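J.: Shown below is the structure under consideration.
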Amino acid sequence: MSKQLSFAVTDAVGSVSALLMKPKNASRLLLFAHGAGADMRHRFMEQMAQQLASLGIATLRYQFPYTEKGSRRPDTKPVLLATVRSAVAFANEVADGLPLFAGGKSMGGRMTSLAASESRLEGVRGIVFFGFPLHPAGEPSDARAEHLSAVKAPMLFLQGTRDTLADLSLLKPVCKKLGKRATLFVVDEADHSFHVPKRTGKSDGDVLIELANTVAHWSAGIVG
């Protein structure tokens, strides 16, 4: 069961909604941002939050201002980054001392790392990318990863081999260059939405469990 909350981004931008799912046995909290074409109530976001909760990981999902207004056009970069920073501050308030991690699906994860590259995100132990959007579909490039070298926190990349927004032949060298800060977990045959074809013998639900277990294991290793 999620608890409806809200927090202020800036005086000019106003407030956005958030959803806190906190199991009784929570041992850490993931600040979980949505992708560009979705919102915090998207099926993937909801199902992943539930799966993480079953493993003792609380989640705080939140809206960006444009989705709060019902728009499909993402906010400007300064507004997106301000939202991430305000969300981190709010997460620290509601975490009740739980170790804090941050990240998100596609754009949400990238905005989190961009914010972290500019200044430290208070209390954040590591960053989780559910499908890092390395480049636009059909336009292979690693330019969107340049800022990652300035991120000091450990990073977990969860990527599918059929993700058209992240050519693995480009992402793998990026992770290698980041050294011990980066962990890459590849889901065979998964696309950017982590959908897998029937020929794999796995369901999308199986993939969600695999992703959640990976996040749990990785984050537990950081918390110690």
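Just so we're on the same page: first chain in the structure tokens is A, next is B, and so on; residues restart at 1 for each chain, and ligands are numbered from 1 in the order they show up.
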Do a neighbour search on region 183-187 of chain A at 9 Å with only C-alpha atoms, toss out local chain neighbours closer than 3 positions, and write the hits as a list in words.
T.: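 Near region 183-187 of chain A, the qualifying residues are Pro154, Met155, Leu156, Phe157, Leu158, Gln159, Gly160, Thr161, Arg162, Leu171, Lys172, Cys175, Lys176, Gly179, Lys180, Ala190, Asp191, Phe194, Val196, Val207, Glu210, Leu211, Thr214 and Trp218 of chain A.
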J.: What separation in Å, quoted to one decimal, exists between CA of Ala116 (chain A) and CA of Met48 (chain A)?
T.: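 So the answer is 23.1 Å.
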J.: Contacts of Ala216 (chain A) at 9 Å or less, counting only C-alpha atoms, minus same-chain residues fewer than 5 places along, as an MDAnalysis selection string?
T.: chainID A and resid 52 55:57 211 221
J.: Would you output that residue set with C-alpha atoms, as a PDB file, in the first residue's frame?
T.:
```pdb
ATOM      1  CA  LEU A  52      11.219  -4.304  -4.083  1.00  0.00           C
ATOM      2  CA  LEU A  55      12.501  -7.756  -0.480  1.00  0.00           C
ATOM      3  CA  GLY A  56      12.433  -5.164   2.279  1.00  0.00           C
ATOM      4  CA  ILE A  57      13.237  -2.145   0.107  1.00  0.00           C
ATOM      5  CA  LEU A 211      15.819  -6.888 -11.531  1.00  0.00           C
ATOM      6  CA  GLY A 221      26.659  -4.982  -0.536  1.00  0.00           C
TER       7      GLY A 221
END
```
J.: Could you pull out the strand (DSSP E or B) residues of region 56-90 of chain A, going by DSSP on the backbone, and write them as a short mmCIF file (atom, residue, chain, number, x, y, z; two decimals) with C-alpha atoms, in the first residue's frame?
T.:
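Output file states.cif follows:
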```cif
data_model
loop_
_atom_site.label_atom_id
_atom_site.label_comp_id
_atom_site.auth_asym_id
_atom_site.auth_seq_id
_atom_site.Cartn_x
_atom_site.Cartn_y
_atom_site.Cartn_z
CA ILE A 57 13.24 -2.14 0.11
CA ALA A 58 11.02 0.91 0.46
CA THR A 59 10.45 3.17 -2.54
CA LEU A 60 9.57 6.83 -2.91
CA ARG A 61 8.18 7.48 -6.37
CA TYR A 62 7.58 11.05 -7.49
#
```
J.: List the neighbours of Gln51 (chain A) out to 9 Å using only C-alpha atoms; skip same-chain residues closer than 5 positions along the sequence, and give me the result as a compact mmCIF listing (two decimals) with C-alpha atoms, in the first residue's frame.
T.:
```
# COMPACT_ATOMS: atom_id res chain seq x y z
CA GLU A 46 4.14 0.19 -9.56
CA ILE A 57 13.24 -2.14 0.11
CA LEU A 208 10.94 -7.86 -12.70
CA ILE A 209 11.88 -10.38 -10.01
CA ALA A 212 14.55 -6.46 -7.98
CA ASN A 213 16.79 -9.25 -6.67
```
J.: Using only C-alpha atoms, can you tell me which of A:Leu30, A:Glu189, A:Gly205, A:Thr67 comes closest to Val124 (chain A)?
T.: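 That would be A:Leu30, the residue with the smallest distance to Val124 (chain A).
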J.: Among region 9-113 of chain A, which residues carry a DSSP assignment of helix (DSSP H, G or I), reported as an NGL selection string?
T.: :A and (43-53 or 65-68 or 77-94 or 107-113)
J.: How would the residues just picked look written out with C-alpha atoms as an mmCIF file, in the first residue's frame?
T.:
```cif
data_model
loop_
_atom_site.group_PDB
_atom_site.id
_atom_site.type_symbol
_atom_site.label_atom_id
_atom_site.label_comp_id
_atom_site.auth_asym_id
_atom_site.auth_seq_id
_atom_site.Cartn_x
_atom_site.Cartn_y
_atom_site.Cartn_z
ATOM 1 C CA ARG A 43 2.703 -0.176 -14.500
ATOM 2 C CA PHE A 44 6.462 -0.780 -14.460
ATOM 3 C CA MET A 45 6.951 1.696 -11.620
ATOM 4 C CA GLU A 46 4.144 0.187 -9.560
ATOM 5 C CA GLN A 47 5.171 -3.424 -10.113
ATOM 6 C CA MET A 48 8.834 -2.746 -9.424
ATOM 7 C CA ALA A 49 7.958 -0.894 -6.221
ATOM 8 C CA GLN A 50 5.868 -3.878 -5.092
ATOM 9 C CA GLN A 51 8.622 -6.343 -5.931
ATOM 10 C CA LEU A 52 11.219 -4.304 -4.083
ATOM 11 C CA ALA A 53 8.890 -4.029 -1.089
ATOM 12 C CA PRO A 65 6.343 18.960 -12.753
ATOM 13 C CA TYR A 66 5.226 18.248 -16.338
ATOM 14 C CA THR A 67 3.583 14.939 -15.422
ATOM 15 C CA GLU A 68 2.036 16.558 -12.357
ATOM 16 C CA LYS A 77 16.789 20.332 -17.751
ATOM 17 C CA PRO A 78 17.139 22.879 -14.890
ATOM 18 C CA VAL A 79 13.620 22.079 -13.684
ATOM 19 C CA LEU A 80 14.179 18.311 -13.937
ATOM 20 C CA LEU A 81 17.417 18.566 -11.947
ATOM 21 C CA ALA A 82 15.837 20.843 -9.350
ATOM 22 C CA THR A 83 13.090 18.253 -8.922
ATOM 23 C CA VAL A 84 15.635 15.495 -8.343
ATOM 24 C CA ARG A 85 17.464 17.544 -5.723
ATOM 25 C CA SER A 86 14.236 18.468 -3.939
ATOM 26 C CA ALA A 87 13.137 14.827 -4.059
ATOM 27 C CA VAL A 88 16.422 13.749 -2.451
ATOM 28 C CA ALA A 89 15.957 16.281 0.348
ATOM 29 C CA PHE A 90 12.387 15.047 0.877
ATOM 30 C CA ALA A 91 13.489 11.395 0.808
ATOM 31 C CA ASN A 92 15.944 12.110 3.602
ATOM 32 C CA GLU A 93 13.045 13.489 5.661
ATOM 33 C CA VAL A 94 10.775 10.452 5.220
ATOM 34 C CA MET A 107 15.181 9.588 -18.054
ATOM 35 C CA GLY A 108 14.558 9.473 -14.317
ATOM 36 C CA GLY A 109 17.807 7.631 -13.742
ATOM 37 C CA ARG A 110 19.758 9.868 -16.084
ATOM 38 C CA MET A 111 18.472 13.045 -14.421
ATOM 39 C CA THR A 112 19.492 11.600 -11.061
ATOM 40 C CA SER A 113 23.059 10.982 -12.222
#
```
